[in-house]
Amino acid sequence: MSPFIDGIMAILEPTVMLCIGAGVIIGMLVGMFPGITATMAVALASSFTMTLEPVQGLAVLLTIYVAANFGDRIPSILINTPGTPASIATTFDGYPMAKNGQAGLALIVSALVSAIGIIASMVLFSTASVPLAQLALKFGPSEMFAVVILAMTIMISISSKSIAKGLLAGVIGLFIATIGRDPITGDARFTFGIRDLNSGLDFIAVIIGLFGIAELLDQLLTHRPHEVKPISALGRWWPTKDEYKRIAKPTGIAALVGLVVGIIPGAGGDIAGLLGWDRAKAASKTKASFGKGNIEGIAAADTASSATLGGSLTTTMALGIPGDSVMAVMIGSMIVWGIQPGPSLFVNQPSLVVTITALMVLATMITLAINLVRMPMMVKLLDMPVHYIWTTVLVFCLVGTYATTNNMFTVSIMLIFGVIGLVLKRCGIPASPIVLGLILGPLAESNLRRSLLIDGPAGLVNKPISATLLTLACIAIVVALSAPILARRRARQAKAPL
Amino acid sequence: MAEQEKLAASSGGVKALPDEPAGDEHQPASPSRRMEIATASVALALALLALVLSRNIHLRMGGGGLDPKWWPTLLSSAAIALSTVLLCFSIFAQTVRRDDLESSHRDGWVRMLSALALSALYVFAWWTTGYLVATALYLVALLWLFGLRSWKGLIIFPLVTTAFIYGLFQILLKVPL
């Protein structure tokens with residue numbers, strides 16, 4: 001059979017449909033509750049999807065990824081609090097619209113443009129991932145090492161407030177990845193005679209600790225009881241013909257922004273949403289009303305952040321480099337299922353491109369339908385007391401981690417990394433580069449050592465591709481270092497008397 | 001707030017966001033030079049420890065060149081350099097703003113540390129008494145700690161959640177609990 005038919009047939013099984021249904025419910029719920037991010041949910045779900053077939057597991061995780069992208073808009077619009085960082089820009093016009101009695105309209109427009117953004121990004125994924133993977137197949141050890149370094153530097157330069165702290169986090173992740181057996185000689189490193197450490201630290205336990213437990217502990221530490229009642233007057237739901245025309249242009253602009261940002265490793269929906277909103281505002285005839293409840297603003301913000309999903313998937317699946325923190329977590333699960341994301345994946349399993357595209361599109365359509373039909377019911381869920389959410393997350397983190405290895409040692413590691421994650425967060429050291437370092441560490445080490453053994457240090461800079469990628473990595477760091485300096489200088493110039 | 005600054009920087013320093021920030025209840029953590037110095041010092045100490053441990057990795061077939069010690073040594077050296085830079089910044093540069101973090105408070109510390117202690121106790125209890133009893137009691141304790149006082153909630157929620165997790169993992173996914 002052709003890869004296309006194989007790919008489609010794989011998702012038509014009843015169990016896969018059941019997994020999609022579970023993913024939609026989990027994703028919508030985690031998206032809706034502020035503080036529970038898609039990364040945290042995918043990390044948690046990784047534990048109970050490990051025993052599933054790869055397509056079933058992918059169905060759960062990818063659907064959570066999609067559905068959280070819809071669910072997180074609801075609290076942004078109704079209580080001015082982003083459900084996840086990807087919906088920060090949604091609050092700019094979503095909440096003012098809700099205050100103006102247009103909450104229903106904002107929710108429906110948000111759902112529609114989110115679906116458009118994801119579908120557009122999946123067109124990019126389905127057309128660009130195989131050519132990109134074929135190009136990457138020509139890479140030798142020096143090029144692969146350079147790709148890893150570029151991915152890490154871009155993620156660090158984008159996701160870190162302090163470059164030094166971001167780089168330190170990346171180095172910590174790479175160092176943690178050395179625990180266990182050496183990838184070439186098999187010598188034990190930092191195992192201290194503990195047999196459970198021979199195969200290294202469990203990915204999922206570390207990820208659940210850093211993203212799940214650490215986030216929850218931070219909430220327990222900082223939460224203050226306050227009454228934020230969701231806006232209950234939802235107004236009309238569907239846009240008029242004129243409003244559809246108004247949102248067309250910002251949706252188009254923001255989709256382009258989202259597609260470009262999505263391809264960049266480490267840059268996610270939060271950055272795309274802000275940039276998309278900003279670019280749409282610049283191009284709008286009604287820019288004065290942006291931030292005050294402009295329907296174009298919400299369309300731009302949500303299209304841009306949703307359009308990053310396909311780009312993130314492309315770099316993850318075609319290069320083995322996580323496109324965002326959710327994808328970093330997902331790579332960990334895929335490795336457990338025996339799927340190694342990277343250039344050879346789509347060459348060996350071309351039907352997987354079709355399966356992933358079909359899963360994402362189907363998940364988008366189902367979530368959109370639920371959003372359009374059951375929105376009033378979902379709004380009521382925002383009233384759920386926080387003690388039930390905290391308790392559920394905590395117990396799922398513990399039981400889910402145990403399920404990955406049936407070993408309490410793994411649970412202890414997860415709790416330890418939860419505390420480490422909290423300390424790092426309070427100290428301003430980001431967790432994403434640590435996870436990226438942990439996942440890409442073995443790839444970086446083995447390729448660097450091979451490259452140095454074959455060609456010596458000159459091999460890294462003599463080959464055009466690796467030299468270009470390493471130069472780009474240096475540029476990413478220099479740009480990130482110079483951006484705040486330039487911004488301060490511009491601010492001083494703007495303040496200076498004429 | 002950090003994203004707002006990031007966008008402002010990327011858009012030529014012009015603040016491109018609306019006046020009303022997200023989240024009315026945001027109480028940002030205050031900047032602390034002492035914390036920055038402590039962070040950098042601990043990072044430096046741990047990096048030095050990592051370097052010592054890296055040099056002491058036992059090799060079965062002799063060392064030299066690109067042996068298994070080489071990569072960890074390189075990484076710990078990089079960590080030492082970065083921690084030193086951080087320490088210098090923490091002492092001499094302007095204190096870093098922490099607007100993106102909520103400030104902690106005494107009740108929060110009690111809640112967080114109690115939840116951690118309960119979780120550690122739960123791991124031990126699960127190991128000794130089995131999943132069902134340990135989980136139900138753990139959930140009751142957590143709900144009480146987080147402020148629930150309704151007896152219905154304290155009984156029904158733990159029982160339903162314990163049974164749901166048992167059904168999901170033990171029965172559906174065949175993971176022995």
# chains A, B, ... in the order shown; residues from 1 in each chain; ligands from 1
>>> residues_around(residues="segment 203-212 of chain A", least_positions_apart="3", cutoff="9 Å", atoms="only C-alpha atoms", output="PyMOL selection string")
chain A and resi 36-37+39-41+43-44+46-47+200+215-217+329+332-333+393-394+397+400-402+404+410-422+431-432+435+438-439
>>> interface_residues(of="chain A", to="chain B", cutoff="6 Å", atoms="only C-alpha atoms", output="list in words")
Asn80, Thr81, Leu217, Leu220, Leu221, Thr222, Gly291, His387 and Ala487 of chain A
>>> write_last_selection(atoms="C-alpha atoms", output="CSV table (one decimal), in the first residue's frame")
chain,number,residue,atom,x,y,z
A,80,ASN,CA,-7.7,38.0,32.0
A,81,THR,CA,-5.3,35.2,33.0
A,217,LEU,CA,5.3,23.6,44.1
A,220,LEU,CA,1.6,26.2,46.3
A,221,LEU,CA,4.3,28.7,47.4
A,222,THR,CA,2.8,31.8,45.8
A,291,GLY,CA,-5.7,46.4,23.2
A,387,HIS,CA,-7.5,22.3,45.8
A,487,ALA,CA,17.0,48.6,23.7
>>> closest_residue(among="A:Met17, A:Ile213, A:Cys474, A:Ile116", to="Lys425 of chain A", atoms="only C-alpha atoms")
A:Ile213
>>> residues_around(residues="Ser344 of chain A", least_positions_apart="4", cutoff="9 Å", atoms="only C-alpha atoms", output="number ranges by chain")
A: 133-134, 136-137, 318-319, 340, 348-349
>>> select_by_dssp(residues="segment 133-297 of chain A", states="strand (DSSP E)", output="compact mmCIF listing (two decimals) with N, CA and C atoms, in the first residue's frame")
# COMPACT_ATOMS: atom_id res chain seq x y z
N GLY A 180 25.36 7.72 33.78
CA GLY A 180 25.08 6.39 33.20
C GLY A 180 26.30 5.87 32.45
N ARG A 181 26.08 5.05 31.46
CA ARG A 181 27.19 4.45 30.71
C ARG A 181 27.65 5.37 29.58
N ALA A 188 31.16 3.39 33.30
CA ALA A 188 30.13 4.01 34.16
C ALA A 188 30.58 5.42 34.57
N ARG A 189 29.64 6.37 34.46
CA ARG A 189 29.97 7.75 34.86
C ARG A 189 28.93 8.25 35.87
>>> atom_distance(atom1="atom CA of Val261 of chain A", atom2="atom CA of Leu469 of chain A")
18.0 Å
>>> select_by_dssp(residues="segment 8-170 of chain B", states="helix (DSSP H, G or I)", output="VMD selection string")
chain B and resid 8 to 10 33 to 55 70 to 92 106 to 129 131 to 145 151 to 170
>>> write_last_selection(atoms="C-alpha atoms", output="tab-separated table (two decimals), in the first residue's frame")
chain	number	residue	atom	x	y	z
B	8	ALA	CA	9.65	45.78	23.15
B	9	ALA	CA	13.30	44.93	22.51
B	10	SER	CA	12.53	43.08	19.30
B	33	ARG	CA	21.24	40.84	45.02
B	34	ARG	CA	21.88	38.44	47.89
B	35	MET	CA	19.90	35.73	46.11
B	36	GLU	CA	21.78	36.35	42.85
B	37	ILE	CA	25.14	36.05	44.65
B	38	ALA	CA	24.01	32.89	46.45
B	39	THR	CA	22.78	31.35	43.17
B	40	ALA	CA	26.07	32.05	41.40
B	41	SER	CA	28.16	30.86	44.37
B	42	VAL	CA	26.26	27.57	44.68
B	43	ALA	CA	26.51	27.08	40.91
B	44	LEU	CA	30.28	27.67	41.08
B	45	ALA	CA	30.71	25.24	43.98
B	46	LEU	CA	28.67	22.55	42.21
B	47	ALA	CA	30.59	23.10	38.96
B	48	LEU	CA	33.90	22.65	40.81
B	49	LEU	CA	32.54	19.47	42.41
B	50	ALA	CA	31.46	18.26	38.96
B	51	LEU	CA	34.97	18.89	37.63
B	52	VAL	CA	36.55	16.89	40.47
B	53	LEU	CA	34.08	14.01	39.93
B	54	SER	CA	34.68	14.12	36.17
B	55	ARG	CA	38.46	13.80	36.63
B	70	TRP	CA	36.68	14.33	28.35
B	71	TRP	CA	33.09	15.48	27.71
B	72	PRO	CA	32.06	15.84	31.41
B	73	THR	CA	35.34	17.68	32.06
B	74	LEU	CA	34.62	20.06	29.19
B	75	LEU	CA	31.07	20.66	30.45
B	76	SER	CA	32.09	21.22	34.08
B	77	SER	CA	34.82	23.64	32.93
B	78	ALA	CA	32.21	25.54	30.91
B	79	ALA	CA	29.94	25.57	33.97
B	80	ILE	CA	32.78	27.00	36.09
B	81	ALA	CA	33.34	29.76	33.53
B	82	LEU	CA	29.62	30.59	33.31
B	83	SER	CA	29.17	30.54	37.10
B	84	THR	CA	32.12	32.91	37.47
B	85	VAL	CA	30.54	35.27	34.94
B	86	LEU	CA	27.24	35.04	36.86
B	87	LEU	CA	29.02	35.75	40.14
B	88	CYS	CA	30.70	38.84	38.66
B	89	PHE	CA	27.35	40.06	37.28
B	90	SER	CA	25.60	39.42	40.59
B	91	ILE	CA	28.17	41.53	42.45
B	92	PHE	CA	28.85	44.36	40.01
B	106	ARG	CA	4.69	32.30	54.82
B	107	ASP	CA	1.47	30.32	54.27
B	108	GLY	CA	2.78	29.31	50.87
B	109	TRP	CA	6.01	27.96	52.35
B	110	VAL	CA	4.06	25.93	54.94
B	111	ARG	CA	1.73	24.58	52.24
B	112	MET	CA	4.54	23.72	49.83
B	113	LEU	CA	6.82	22.06	52.41
B	114	SER	CA	3.89	20.13	53.93
B	115	ALA	CA	2.85	18.88	50.47
B	116	LEU	CA	6.43	17.77	49.80
B	117	ALA	CA	6.66	16.00	53.16
B	118	LEU	CA	3.30	14.29	52.55
B	119	SER	CA	4.48	13.20	49.10
B	120	ALA	CA	7.68	11.69	50.52
B	121	LEU	CA	5.60	9.94	53.18
B	122	TYR	CA	3.21	8.69	50.50
B	123	VAL	CA	6.06	7.14	48.50
B	124	PHE	CA	7.14	5.29	51.65
B	125	ALA	CA	3.57	4.30	52.57
B	126	TRP	CA	2.84	3.02	49.05
B	127	TRP	CA	5.96	0.90	49.20
B	128	THR	CA	4.96	-0.60	52.57
B	129	THR	CA	1.13	-0.72	52.59
B	131	TYR	CA	-1.33	1.57	46.48
B	132	LEU	CA	-5.00	1.68	47.48
B	133	VAL	CA	-4.86	2.60	51.17
B	134	ALA	CA	-1.84	4.88	50.80
B	135	THR	CA	-3.35	6.83	47.88
B	136	ALA	CA	-6.76	7.35	49.48
B	137	LEU	CA	-5.19	8.63	52.72
B	138	TYR	CA	-2.70	10.77	50.81
B	139	LEU	CA	-5.50	12.46	48.86
B	140	VAL	CA	-7.50	13.16	52.03
B	141	ALA	CA	-4.41	14.69	53.65
B	142	LEU	CA	-3.64	16.82	50.59
B	143	LEU	CA	-7.20	18.12	50.28
B	144	TRP	CA	-7.23	19.02	53.97
B	145	LEU	CA	-3.87	20.76	53.61
B	151	TRP	CA	-16.59	15.97	54.62
B	152	LYS	CA	-18.32	14.94	51.37
B	153	GLY	CA	-15.40	16.23	49.31
B	154	LEU	CA	-12.88	14.68	51.70
B	155	ILE	CA	-14.46	11.24	51.29
B	156	ILE	CA	-15.88	11.10	47.78
B	157	PHE	CA	-13.06	12.77	45.82
B	158	PRO	CA	-10.23	10.57	47.25
B	159	LEU	CA	-12.24	7.38	46.74
B	160	VAL	CA	-13.25	8.23	43.18
B	161	THR	CA	-9.75	9.42	42.21
B	162	THR	CA	-8.04	6.39	43.76
B	163	ALA	CA	-10.43	4.07	41.96
B	164	PHE	CA	-10.07	5.98	38.66
B	165	ILE	CA	-6.26	5.83	38.73
B	166	TYR	CA	-6.39	2.16	39.69
B	167	GLY	CA	-8.77	1.43	36.83
B	168	LEU	CA	-6.69	3.45	34.34
B	169	PHE	CA	-3.28	2.03	35.17
B	170	GLN	CA	-3.89	-1.40	36.70
>>> atom_distance(atom1="atom CA of Gly338 of chain A", atom2="atom CA of Glu53 of chain A")
10.2 Å
>>> residues_around(residues="Thr15 of chain A", least_positions_apart="5", cutoff="10 Å", atoms="only C-alpha atoms", output="ChimeraX atom specification")
/A:20-21,52-53,55-56,59
